[in-house]
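J.: This is run.txt, which holds compact mmCIF, C-alpha atoms:
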```txt
# COMPACT_ATOMS: atom_id res chain seq x y z
CA MET A 1 -10.34 -3.87 -7.51
CA ILE A 2 -11.38 -0.35 -6.54
CA ASP A 3 -9.23 1.79 -8.81
CA LEU A 4 -8.68 5.36 -7.60
CA ARG A 5 -5.52 6.03 -9.63
CA SER A 6 -7.29 8.17 -12.22
CA ASP A 7 -10.62 8.84 -13.90
CA THR A 8 -9.05 7.42 -17.08
CA VAL A 9 -9.61 3.86 -15.80
CA THR A 10 -13.40 3.86 -16.20
CA LYS A 11 -15.02 1.00 -18.11
CA PRO A 12 -17.66 1.69 -20.77
CA THR A 13 -21.21 1.35 -19.50
CA ASP A 14 -23.62 -1.15 -21.04
CA VAL A 15 -25.29 1.73 -22.89
CA MET A 16 -21.92 2.78 -24.31
CA ARG A 17 -21.07 -0.76 -25.37
CA ARG A 18 -24.41 -1.11 -27.13
CA ALA A 19 -23.93 2.22 -28.87
CA ALA A 20 -20.50 1.11 -30.11
CA PHE A 21 -21.87 -2.24 -31.27
CA GLU A 22 -24.74 -0.67 -33.16
CA ALA A 23 -22.85 2.36 -34.49
CA GLU A 24 -23.27 3.25 -38.12
CA VAL A 25 -19.76 3.95 -39.39
CA GLY A 26 -17.93 5.39 -42.36
CA ASP A 27 -14.43 6.56 -43.22
CA ASP A 28 -13.77 9.58 -41.01
CA VAL A 29 -10.69 10.66 -42.97
CA TYR A 30 -13.10 11.16 -45.88
CA GLY A 31 -15.51 12.88 -43.48
CA GLU A 32 -18.04 10.06 -43.90
CA ASP A 33 -18.47 8.67 -40.39
CA PRO A 34 -21.92 9.84 -39.21
CA ASN A 35 -21.24 9.37 -35.50
CA VAL A 36 -17.95 11.28 -35.63
CA ASN A 37 -19.63 14.10 -37.57
CA ALA A 38 -22.48 14.23 -35.06
CA LEU A 39 -20.10 14.16 -32.09
CA GLU A 40 -18.07 17.06 -33.50
CA GLN A 41 -21.19 19.11 -34.18
CA GLU A 42 -22.64 18.42 -30.72
CA ALA A 43 -19.36 19.26 -29.01
CA ALA A 44 -18.91 22.50 -30.96
CA HIS A 45 -22.43 23.55 -30.02
CA MET A 46 -21.88 22.80 -26.32
CA LEU A 47 -18.64 24.80 -26.33
CA GLY A 48 -20.00 27.70 -28.37
CA LYS A 49 -17.34 27.24 -31.05
CA GLU A 50 -17.68 27.19 -34.84
CA ASP A 51 -16.29 23.72 -35.33
CA ALA A 52 -14.69 20.77 -33.53
CA LEU A 53 -12.47 17.79 -34.29
CA PHE A 54 -12.36 14.30 -32.75
CA VAL A 55 -8.73 13.48 -31.88
CA THR A 56 -7.08 10.47 -30.31
CA SER A 57 -6.15 12.05 -26.98
CA GLY A 58 -5.94 15.24 -24.97
CA THR A 59 -2.22 15.34 -25.56
CA GLN A 60 -2.75 15.21 -29.32
CA GLY A 61 -5.31 18.00 -29.05
CA ASN A 62 -2.93 20.22 -27.08
CA GLN A 63 -0.09 19.54 -29.50
CA ILE A 64 -2.28 20.44 -32.46
CA ALA A 65 -3.15 23.75 -30.80
CA ALA A 66 0.54 24.63 -30.48
CA LEU A 67 1.24 23.47 -34.04
CA VAL A 68 -1.50 25.67 -35.49
CA HIS A 69 -1.12 28.75 -33.29
CA CYS A 70 2.69 28.93 -33.16
CA GLN A 71 5.69 29.13 -35.43
CA PRO A 72 8.97 27.32 -34.65
CA GLY A 73 11.13 29.48 -32.40
CA GLN A 74 8.21 31.04 -30.58
CA GLU A 75 7.25 30.64 -26.94
CA VAL A 76 4.22 29.33 -25.06
CA ILE A 77 3.26 30.84 -21.69
CA LEU A 78 1.80 28.26 -19.34
CA GLU A 79 1.52 27.38 -15.66
CA ALA A 80 4.63 25.74 -14.17
CA ASP A 81 2.82 22.55 -13.11
CA SER A 82 0.62 22.27 -16.16
CA HIS A 83 0.02 18.99 -17.96
CA ILE A 84 1.41 20.34 -21.24
CA PHE A 85 4.69 21.20 -19.52
CA LEU A 86 5.07 18.17 -17.23
CA TYR A 87 3.33 15.23 -18.85
CA GLU A 88 3.38 15.49 -22.63
CA GLY A 89 6.95 14.42 -23.38
CA ALA A 90 8.11 17.94 -24.30
CA GLY A 91 5.80 17.63 -27.29
CA ILE A 92 5.43 21.35 -27.92
CA SER A 93 9.22 21.58 -28.28
CA ALA A 94 9.74 18.34 -30.19
CA LEU A 95 6.84 18.84 -32.60
CA ALA A 96 6.01 22.55 -32.80
CA GLY A 97 9.56 23.77 -32.10
CA VAL A 98 8.45 26.17 -29.39
CA GLN A 99 9.79 26.62 -25.89
CA PRO A 100 7.74 26.85 -22.69
CA ARG A 101 7.72 29.99 -20.55
CA THR A 102 6.45 28.77 -17.20
CA ILE A 103 4.68 30.83 -14.54
CA LYS A 104 4.02 29.58 -11.02
CA GLY A 105 0.33 29.90 -10.33
CA GLU A 106 -1.91 29.81 -7.28
CA ARG A 107 -4.06 26.65 -7.30
CA GLY A 108 -3.33 26.36 -11.01
CA ALA A 109 -4.32 29.94 -11.85
CA MET A 110 -1.67 32.22 -13.30
CA ASN A 111 -1.62 35.81 -12.07
CA PRO A 112 -2.56 37.93 -15.13
CA SER A 113 0.15 40.47 -14.18
CA ASP A 114 2.74 37.68 -14.33
CA VAL A 115 1.37 36.58 -17.69
CA GLU A 116 1.63 40.08 -19.10
CA ALA A 117 5.17 40.48 -17.75
CA ALA A 118 6.16 37.23 -19.50
CA ILE A 119 4.99 38.43 -22.91
CA ARG A 120 8.13 39.25 -24.88
CA GLY A 121 8.82 42.67 -26.30
CA ASP A 122 9.87 43.39 -29.85
CA ASP A 123 13.56 42.48 -29.66
CA ILE A 124 15.60 40.26 -31.97
CA HIS A 125 17.03 38.48 -28.94
CA PHE A 126 13.62 37.22 -27.75
CA PRO A 127 11.23 34.57 -28.99
CA GLU A 128 7.75 35.91 -29.75
CA THR A 129 4.89 34.66 -27.59
CA GLY A 130 2.79 32.41 -29.82
CA MET A 131 0.23 31.07 -27.36
CA ILE A 132 -0.97 31.27 -23.76
CA ALA A 133 -2.22 27.96 -22.34
CA ILE A 134 -4.59 27.61 -19.38
CA GLU A 135 -5.43 24.28 -17.70
CA ASN A 136 -8.88 23.89 -16.17
CA THR A 137 -9.39 21.93 -13.99
CA HIS A 138 -5.75 21.90 -12.97
CA ASN A 139 -4.48 18.38 -12.36
CA LYS A 140 -1.40 19.03 -10.22
CA ALA A 141 -3.33 21.58 -8.16
CA GLY A 142 -5.67 18.77 -7.15
CA GLY A 143 -8.43 19.31 -9.68
CA ALA A 144 -8.70 23.00 -8.83
CA VAL A 145 -11.14 25.11 -10.83
CA VAL A 146 -9.45 28.14 -12.39
CA PRO A 147 -11.99 30.96 -11.91
CA LEU A 148 -13.78 32.41 -14.90
CA SER A 149 -12.68 35.88 -13.80
CA ASN A 150 -9.04 34.82 -14.08
CA MET A 151 -9.61 33.36 -17.54
CA TRP A 152 -11.46 36.50 -18.68
CA THR A 153 -8.60 38.78 -17.62
CA ILE A 154 -5.95 36.66 -19.32
CA HIS A 155 -8.07 36.45 -22.46
CA GLN A 156 -8.49 40.24 -22.54
CA LEU A 157 -4.76 40.91 -22.29
CA ALA A 158 -4.05 38.20 -24.87
CA LYS A 159 -6.37 39.95 -27.31
CA ALA A 160 -4.59 43.23 -26.62
CA TYR A 161 -1.29 41.61 -27.60
CA ASP A 162 -2.81 39.55 -30.45
CA ILE A 163 -1.88 36.24 -28.83
CA LYS A 164 -3.99 33.08 -29.01
CA VAL A 165 -5.33 31.45 -25.83
CA HIS A 166 -5.69 27.66 -25.68
CA LEU A 167 -7.56 25.86 -22.92
CA ASP A 168 -6.34 22.43 -21.86
CA GLY A 169 -9.75 21.48 -20.54
CA ALA A 170 -9.07 17.77 -20.12
CA ARG A 171 -11.49 17.90 -17.16
CA LEU A 172 -13.40 20.98 -18.33
CA PHE A 173 -16.80 19.46 -17.59
CA ASN A 174 -15.72 18.89 -13.98
CA ALA A 175 -14.90 22.60 -13.77
CA ALA A 176 -18.22 23.60 -15.30
CA VAL A 177 -20.29 21.36 -13.01
CA ALA A 178 -18.37 22.50 -9.92
CA ALA A 179 -18.79 26.16 -10.87
CA GLY A 180 -22.43 25.77 -11.88
CA GLU A 181 -21.68 27.23 -15.31
CA PRO A 182 -22.02 25.86 -18.86
CA VAL A 183 -18.81 24.72 -20.54
CA SER A 184 -19.36 27.47 -23.10
CA ALA A 185 -18.72 30.05 -20.36
CA PHE A 186 -15.17 28.72 -19.95
CA ALA A 187 -14.60 28.12 -23.67
CA GLY A 188 -15.76 31.66 -24.37
CA TYR A 189 -12.53 33.07 -22.93
CA THR A 190 -10.35 31.04 -25.28
CA ASP A 191 -9.55 30.79 -28.96
CA THR A 192 -9.33 27.01 -28.82
CA VAL A 193 -10.25 24.36 -26.26
CA GLN A 194 -9.53 20.69 -25.76
CA PHE A 195 -11.46 18.34 -23.52
CA CYS A 196 -11.10 14.61 -22.82
CA LEU A 197 -13.96 12.22 -23.35
CA SER A 198 -12.09 9.41 -21.60
CA LYS A 199 -11.71 10.90 -18.11
CA GLY A 200 -14.68 11.79 -15.92
CA LEU A 201 -17.11 11.53 -18.82
CA GLY A 202 -16.26 7.83 -18.99
CA ALA A 203 -15.94 7.25 -22.74
CA PRO A 204 -13.41 4.59 -23.81
CA ALA A 205 -11.11 6.87 -25.81
CA GLY A 206 -10.66 10.19 -27.54
CA SER A 207 -10.80 13.93 -27.04
CA ILE A 208 -12.33 16.96 -28.74
CA ILE A 209 -10.53 20.08 -29.89
CA ALA A 210 -12.64 23.05 -30.90
CA GLY A 211 -12.25 26.56 -32.27
CA SER A 212 -12.93 28.57 -35.40
CA ALA A 213 -13.72 26.84 -38.70
CA ASP A 214 -10.33 27.95 -40.07
CA PHE A 215 -8.53 26.57 -37.01
CA ILE A 216 -10.23 23.18 -37.35
CA LYS A 217 -9.36 23.06 -41.06
CA GLN A 218 -5.70 23.42 -40.12
CA ALA A 219 -6.08 21.11 -37.14
CA ARG A 220 -7.51 18.37 -39.34
CA LYS A 221 -4.39 18.44 -41.49
CA TRP A 222 -2.14 18.33 -38.43
CA ARG A 223 -4.15 15.40 -37.08
CA LYS A 224 -3.42 13.57 -40.33
CA ARG A 225 0.29 14.43 -40.13
CA LEU A 226 0.37 13.08 -36.58
CA GLY A 227 -1.21 9.80 -37.62
CA GLY A 228 -4.56 10.59 -36.04
CA GLY A 229 -6.88 9.60 -38.89
CA MET A 230 -8.90 6.78 -37.34
CA ARG A 231 -11.12 5.72 -40.27
CA GLN A 232 -14.27 3.97 -38.89
CA ALA A 233 -14.02 5.91 -35.65
CA GLY A 234 -17.76 5.92 -35.09
CA ILE A 235 -17.27 2.86 -32.88
CA LEU A 236 -15.52 5.26 -30.47
CA ALA A 237 -17.59 8.34 -31.25
CA ALA A 238 -20.92 6.65 -30.50
CA PRO A 239 -20.09 5.92 -26.83
CA ALA A 240 -18.56 9.41 -26.61
CA ARG A 241 -21.93 10.85 -27.64
CA VAL A 242 -23.53 8.83 -24.84
CA ALA A 243 -20.99 10.35 -22.43
CA LEU A 244 -21.90 13.90 -23.45
CA ARG A 245 -25.60 13.10 -23.20
CA ASP A 246 -25.70 11.11 -19.96
CA HIS A 247 -22.54 11.69 -17.92
CA VAL A 248 -22.13 15.44 -17.46
CA THR A 249 -24.47 16.23 -14.57
CA ARG A 250 -23.46 13.06 -12.72
CA LEU A 251 -19.94 14.49 -12.29
CA ALA A 252 -21.39 16.20 -9.22
CA ASP A 253 -21.56 12.72 -7.63
CA ASP A 254 -17.82 12.27 -8.17
CA HIS A 255 -17.17 15.63 -6.52
CA ARG A 256 -19.38 14.76 -3.55
CA LEU A 257 -17.64 11.41 -3.02
CA ALA A 258 -14.23 13.08 -3.29
CA ARG A 259 -15.14 15.56 -0.56
CA GLN A 260 -16.53 12.72 1.54
CA LEU A 261 -13.33 10.70 1.19
CA ALA A 262 -11.17 13.76 1.82
CA THR A 263 -12.99 14.45 5.10
CA GLY A 264 -12.37 10.89 6.25
CA LEU A 265 -8.71 10.94 5.30
CA ASP A 266 -8.05 14.30 6.92
CA GLN A 267 -9.26 12.96 10.25
CA MET A 268 -6.66 10.19 10.34
CA THR A 269 -3.40 10.71 12.21
CA GLY A 270 -0.44 10.88 9.83
CA LEU A 271 -2.50 11.90 6.81
CA SER A 272 -3.21 15.39 5.53
CA VAL A 273 -5.29 16.41 2.51
CA THR A 274 -3.24 19.15 0.87
CA ASN A 275 -5.71 20.53 -1.67
CA GLN A 276 -9.05 22.24 -1.55
CA VAL A 277 -11.25 19.56 -3.09
CA ASP A 278 -13.12 21.41 -5.84
CA THR A 279 -13.80 18.42 -8.03
CA ASN A 280 -12.81 14.75 -8.11
CA ILE A 281 -9.12 14.76 -7.14
CA ILE A 282 -7.68 14.41 -3.63
CA MET A 283 -3.99 14.98 -2.86
CA VAL A 284 -2.88 13.37 0.40
CA ASP A 285 0.39 13.97 2.23
CA VAL A 286 1.38 10.64 3.81
CA SER A 287 4.89 11.65 4.87
CA GLU A 288 3.96 11.67 8.58
CA SER A 289 2.32 8.23 8.45
CA GLY A 290 5.54 6.23 8.82
CA LEU A 291 4.84 4.53 5.50
CA SER A 292 6.43 5.27 2.13
CA ASN A 293 4.51 5.80 -1.09
CA GLU A 294 5.46 2.25 -2.08
CA ASP A 295 4.19 0.91 1.24
CA TRP A 296 0.88 2.64 0.73
CA ILE A 297 0.47 1.62 -2.91
CA ASN A 298 1.38 -2.02 -2.27
CA GLY A 299 -0.52 -2.24 1.01
CA LEU A 300 -3.71 -0.86 -0.46
CA LYS A 301 -3.39 -3.01 -3.57
CA GLU A 302 -3.25 -6.10 -1.36
CA ARG A 303 -6.59 -4.91 0.03
CA GLY A 304 -8.15 -4.44 -3.39
CA ILE A 305 -7.52 -0.71 -3.82
CA GLN A 306 -5.29 1.09 -6.31
CA VAL A 307 -3.98 4.63 -5.83
CA GLY A 308 -1.22 6.64 -7.50
CA ALA A 309 1.76 8.68 -6.34
CA MET A 310 2.10 12.37 -7.20
CA GLY A 311 5.53 13.09 -5.76
CA PRO A 312 7.50 12.17 -2.62
CA GLY A 313 5.12 11.53 0.25
CA VAL A 314 2.02 12.45 -1.77
CA LEU A 315 -0.71 10.12 -3.03
CA ARG A 316 -3.56 10.95 -5.39
CA PHE A 317 -7.09 9.58 -5.10
CA VAL A 318 -9.49 10.22 -8.00
CA THR A 319 -13.22 9.48 -7.93
CA HIS A 320 -15.07 8.64 -11.13
CA LEU A 321 -17.93 6.83 -12.83
CA ASP A 322 -17.02 3.41 -11.40
CA ILE A 323 -16.61 4.54 -7.77
CA HIS A 324 -19.66 4.38 -5.51
CA GLU A 325 -20.45 5.45 -1.96
CA ASP A 326 -20.21 1.90 -0.61
CA ASP A 327 -16.72 1.61 -2.11
CA ILE A 328 -15.62 4.60 -0.05
CA GLU A 329 -17.39 3.80 3.21
CA LEU A 330 -17.08 0.00 3.30
CA THR A 331 -13.73 -0.62 1.61
CA VAL A 332 -11.43 2.36 1.07
CA VAL A 333 -11.67 4.12 4.45
CA PRO A 334 -11.50 0.86 6.50
CA ALA A 335 -8.49 -0.36 4.48
CA ILE A 336 -6.62 2.90 5.07
CA ARG A 337 -7.40 2.77 8.79
CA GLN A 338 -6.16 -0.82 8.86
CA LEU A 339 -2.86 0.10 7.24
CA LEU A 340 -2.34 2.96 9.68
CA SER A 341 -3.26 0.80 12.64
CA ALA A 342 -0.82 -1.91 11.61
CA ASN A 343 1.88 0.76 11.58
CA GLY A 344 0.91 2.16 14.98
CA GLY A 345 -1.22 5.05 13.70
CA LEU A 346 -4.91 5.78 14.19
```
Show this structure as structure tokens.

T.:
Amino acid sequence: MIDLRSDTVTKPTDVMRRAAFEAEVGDDVYGEDPNVNALEQEAAHMLGKEDALFVTSGTQGNQIAALVHCQPGQEVILEADSHIFLYEGAGISALAGVQPRTIKGERGAMNPSDVEAAIRGDDIHFPETGMIAIENTHNKAGGAVVPLSNMWTIHQLAKAYDIKVHLDGARLFNAAVAAGEPVSAFAGYTDTVQFCLSKGLGAPAGSIIAGSADFIKQARKWRKRLGGGMRQAGILAAPARVALRDHVTRLADDHRLARQLATGLDQMTGLSVTNQVDTNIIMVDVSESGLSNEDWINGLKERGIQVGAMGPGVLRFVTHLDIHEDDIELTVVPAIRQLLSANGGL
């Protein structure tokens, strides 16, 4: 099965499996797991932050940021189609007691003027702004890279208003590779940053959240409160260290294959790629194909291919570690052409 639903579906490489098998472990809640400690140190160094914390998921990392930076009754400014707002079960409201203030962006990037206008004044009727959240790359915008210039401007105005900036960088390394910049360049315009180890980097599980030493001290306690103490977590941290060592530069291959697939899809009658393919995500409008999302998903699955829906008449294709050029050229493109042909398309 060629699985293009998400880059979360990757399987650990043989090197990762061996690293997990051979991992020296300890009790991470006591701070005694050597692989977790090494992973956190390596990640903090890459991001240019004082300290880092291994957490169970990107969602947990984002929730911890809101819990540390905000007080109940405050507000978080974030993009209207952001992951924190759409896909985290209203966690910032349920857990941190804060409400979202959404801003419609352009390809995932909020206009700094709109951000500044959304910051509340000193009035007893208003909630104070506790945090500004940026997502990079932006999932719903088709893996779009939010420009460093945009992040810099938002960070500058946040500092002027004494508001913390958190980066949901679930696919931050994709953004860095696409932009030709180190991840520290993006993290530098934030107070805290989260990135997923289990997406394009291909590790089996976990995420990193990073920031100041004081922030991580508070984050560690919130991780415990949320049930995130994983004890002998070195079995997961060891393959994550492999991912950071071996799988960053190869993300360029995922981006190349995504552009290659997008070009093929855009040439087919009834299909239209709706996003500028910056990284590894392709959004395809199939509404003119004569087939429903369900028809496409079931029809492709019968041909050994899995894709996901991202709204009415829109499918998402995501390239990753387990997708190769032959998969695209010999299986995916022919299967899509076959489905279109069977329905009278080209």

J.: Which one is closest to A:Lys164: A:Val76, A:Ala23, A:Val29, A:Ala219? Count only C-alpha atoms.

T.: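 For A:Lys164, the nearest of the given residues is A:Val76.
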
J.: Which residues come within 10 Å of A:Ala185, counting all atoms listed in the file, excluding same-chain residues fewer than 5 positions away, as a list of chain:residue names?

T.: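 Contacts, in chain order: A:Met46, A:Leu47, A:Gly48, A:Leu148, A:Trp152, A:Ala176, A:Thr190.
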
J.: Show me a table, sorted first by chain and then by increasing residue number, of the residues of stretch 2-108 of chain A having an atom at most 12 Å from stretch 330-335 of chain A, each with its shortest atom pair and the distance in Å to one decimal, counting all atoms listed in the file and written as a Markdown table.

T.:
```
| residue | atom | partner | partner_atom | distance |
| --- | --- | --- | --- | --- |
| A:Ile2 | CA | A:Val332 | CA | 8.1 |
| A:Asp3 | CA | A:Val332 | CA | 10.1 |
| A:Leu4 | CA | A:Val332 | CA | 9.6 |
```

J.: To test the calculation: enclose all listed atoms of stretch 244-257 of chain A in a box whose edges run along x, y and z, add 3 Å on each side, then state centre and edge lengths in Å to one decimal, as JSON.

T.:
```
{"center_x": -21.4, "center_y": 13.7, "center_z": -13.2, "size_x": 14.5, "size_y": 11.1, "size_z": 26.4}
```

J.: What separation in Å, quoted to one decimal, exists between atom CA of A:Thr59 and atom CA of A:Phe126?

T.: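 Atom CA of A:Phe126 lies 27.1 Å from atom CA of A:Thr59.
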
J.: Just how far from atom CA of A:Asn293 is atom CA of A:Pro312, in Å to one decimal?

T.: 7.2 Å

J.: Quick one: pull the distance between atom CA of A:Val68 and atom CA of A:Phe54, Å, one decimal.

T.: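 Atom CA of A:Phe54 lies 16.0 Å from atom CA of A:Val68.
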
J.: Identify which of the residues A:Thr274, A:Ser289, A:Thr269, A:Ser207 lies closest to A:Glu40, counting only C-alpha atoms when measuring atom-to-atom distances.

T.: A:Ser207

J.: Closest to A:Leu39 among A:Arg241, A:Lys301, A:His155, A:Arg225, using all atoms listed in the file?

T.: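 Under the stated criterion, the closest residue is A:Arg241.
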
J.: What lies within 10 Å of A:Ser149 using only C-alpha atoms, ignoring chain neighbours under 4 positions off, as a list in words?

T.: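 So, after excluding close chain neighbours, the residues are Thr153, Ile154, His155, Phe186 and Tyr189 of chain A.
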
J.: Output C-alpha atoms for every residue in the selection just made, as a PDB file, in the frame of the given file.

T.:
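Okay, this is what ended up in again.pdb:
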```pdb
ATOM      1  CA  THR A 153      -8.600  38.780 -17.620  1.00  0.00           C
ATOM      2  CA  ILE A 154      -5.950  36.660 -19.320  1.00  0.00           C
ATOM      3  CA  HIS A 155      -8.070  36.450 -22.460  1.00  0.00           C
ATOM      4  CA  PHE A 186     -15.170  28.720 -19.950  1.00  0.00           C
ATOM      5  CA  TYR A 189     -12.530  33.070 -22.930  1.00  0.00           C
TER       6      TYR A 189
END
```

J.: Which residue gives the smallest distance to A:Lys11 among A:Asp162, A:Asp322, A:Asp51, A:Asp114, with all atoms listed in the file counted?

T.: A:Asp322

J.: So, counting all atoms listed in the file, which residue among A:Glu329, A:Asp14, A:Glu135, A:Asp7 is closest to A:Val242?

T.: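 Checking each of A:Glu329, A:Asp14, A:Glu135, A:Asp7 against A:Val242, counting all atoms listed in the file, the winner is A:Asp14.
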
J.: Would you fill the gaps in stretch 114-122 of chain A so it has all heavy atoms, then print it as a PDB file, keeping the file's coordinate frame?

T.:
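The file below, out-v3.pdb, is the result:
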```
ATOM      1  N   ASP A 114       1.567  38.495 -13.997  1.00  0.00           N
ATOM      2  CA  ASP A 114       2.740  37.680 -14.330  1.00  0.00           C
ATOM      3  C   ASP A 114       2.703  37.253 -15.791  1.00  0.00           C
ATOM      4  O   ASP A 114       3.750  37.180 -16.455  1.00  0.00           O
ATOM      5  CB  ASP A 114       2.797  36.442 -13.429  1.00  0.00           C
ATOM      6  CG  ASP A 114       3.053  36.776 -11.971  1.00  0.00           C
ATOM      7  OD1 ASP A 114       3.567  37.870 -11.686  1.00  0.00           O
ATOM      8  OD2 ASP A 114       2.724  35.923 -11.103  1.00  0.00           O
ATOM      9  N   VAL A 115       1.509  36.954 -16.276  1.00  0.00           N
ATOM     10  CA  VAL A 115       1.370  36.580 -17.690  1.00  0.00           C
ATOM     11  C   VAL A 115       1.779  37.739 -18.583  1.00  0.00           C
ATOM     12  O   VAL A 115       2.563  37.573 -19.530  1.00  0.00           O
ATOM     13  CB  VAL A 115      -0.080  36.137 -17.991  1.00  0.00           C
ATOM     14  CG1 VAL A 115      -0.264  35.922 -19.498  1.00  0.00           C
ATOM     15  CG2 VAL A 115      -0.432  34.862 -17.236  1.00  0.00           C
ATOM     16  N   GLU A 116       1.289  38.929 -18.269  1.00  0.00           N
ATOM     17  CA  GLU A 116       1.630  40.080 -19.100  1.00  0.00           C
ATOM     18  C   GLU A 116       3.121  40.383 -19.056  1.00  0.00           C
ATOM     19  O   GLU A 116       3.724  40.715 -20.085  1.00  0.00           O
ATOM     20  CB  GLU A 116       0.832  41.313 -18.657  1.00  0.00           C
ATOM     21  CG  GLU A 116       1.049  42.517 -19.564  1.00  0.00           C
ATOM     22  CD  GLU A 116       0.061  43.623 -19.329  1.00  0.00           C
ATOM     23  OE1 GLU A 116      -0.529  43.680 -18.227  1.00  0.00           O
ATOM     24  OE2 GLU A 116      -0.128  44.443 -20.251  1.00  0.00           O
ATOM     25  N   ALA A 117       3.728  40.222 -17.867  1.00  0.00           N
ATOM     26  CA  ALA A 117       5.170  40.480 -17.750  1.00  0.00           C
ATOM     27  C   ALA A 117       5.993  39.468 -18.545  1.00  0.00           C
ATOM     28  O   ALA A 117       7.121  39.767 -18.953  1.00  0.00           O
ATOM     29  CB  ALA A 117       5.578  40.437 -16.266  1.00  0.00           C
ATOM     30  N   ALA A 118       5.426  38.267 -18.762  1.00  0.00           N
ATOM     31  CA  ALA A 118       6.160  37.230 -19.500  1.00  0.00           C
ATOM     32  C   ALA A 118       6.051  37.386 -21.012  1.00  0.00           C
ATOM     33  O   ALA A 118       6.805  36.742 -21.754  1.00  0.00           O
ATOM     34  CB  ALA A 118       5.633  35.851 -19.086  1.00  0.00           C
ATOM     35  N   ILE A 119       5.120  38.210 -21.473  1.00  0.00           N
ATOM     36  CA  ILE A 119       4.990  38.430 -22.910  1.00  0.00           C
ATOM     37  C   ILE A 119       6.208  39.201 -23.413  1.00  0.00           C
ATOM     38  O   ILE A 119       6.544  40.268 -22.890  1.00  0.00           O
ATOM     39  CB  ILE A 119       3.689  39.182 -23.236  1.00  0.00           C
ATOM     40  CG1 ILE A 119       2.482  38.317 -22.859  1.00  0.00           C
ATOM     41  CG2 ILE A 119       3.630  39.558 -24.722  1.00  0.00           C
ATOM     42  CD1 ILE A 119       1.153  39.046 -22.952  1.00  0.00           C
ATOM     43  N   ARG A 120       6.875  38.669 -24.404  1.00  0.00           N
ATOM     44  CA  ARG A 120       8.130  39.250 -24.880  1.00  0.00           C
ATOM     45  C   ARG A 120       7.915  40.534 -25.673  1.00  0.00           C
ATOM     46  O   ARG A 120       6.954  40.648 -26.435  1.00  0.00           O
ATOM     47  CB  ARG A 120       8.861  38.246 -25.764  1.00  0.00           C
ATOM     48  CG  ARG A 120       9.168  36.915 -25.093  1.00  0.00           C
ATOM     49  CD  ARG A 120      10.294  36.997 -24.090  1.00  0.00           C
ATOM     50  NE  ARG A 120      10.805  35.669 -23.775  1.00  0.00           N
ATOM     51  CZ  ARG A 120      11.930  35.432 -23.128  1.00  0.00           C
ATOM     52  NH1 ARG A 120      12.679  36.438 -22.707  1.00  0.00           N
ATOM     53  NH2 ARG A 120      12.329  34.194 -22.885  1.00  0.00           N
ATOM     54  N   GLY A 121       8.836  41.450 -25.502  1.00  0.00           N
ATOM     55  CA  GLY A 121       8.820  42.670 -26.300  1.00  0.00           C
ATOM     56  C   GLY A 121       9.409  42.435 -27.671  1.00  0.00           C
ATOM     57  O   GLY A 121       9.891  41.347 -27.993  1.00  0.00           O
ATOM     58  N   ASP A 122       9.374  43.473 -28.476  1.00  0.00           N
ATOM     59  CA  ASP A 122       9.870  43.390 -29.850  1.00  0.00           C
ATOM     60  C   ASP A 122      11.391  43.577 -29.832  1.00  0.00           C
ATOM     61  O   ASP A 122      11.905  44.692 -29.857  1.00  0.00           O
ATOM     62  CB  ASP A 122       9.206  44.463 -30.700  1.00  0.00           C
ATOM     63  CG  ASP A 122       9.609  44.353 -32.165  1.00  0.00           C
ATOM     64  OD1 ASP A 122      10.192  43.317 -32.543  1.00  0.00           O
ATOM     65  OD2 ASP A 122       9.323  45.305 -32.927  1.00  0.00           O
TER      66      ASP A 122
END
```
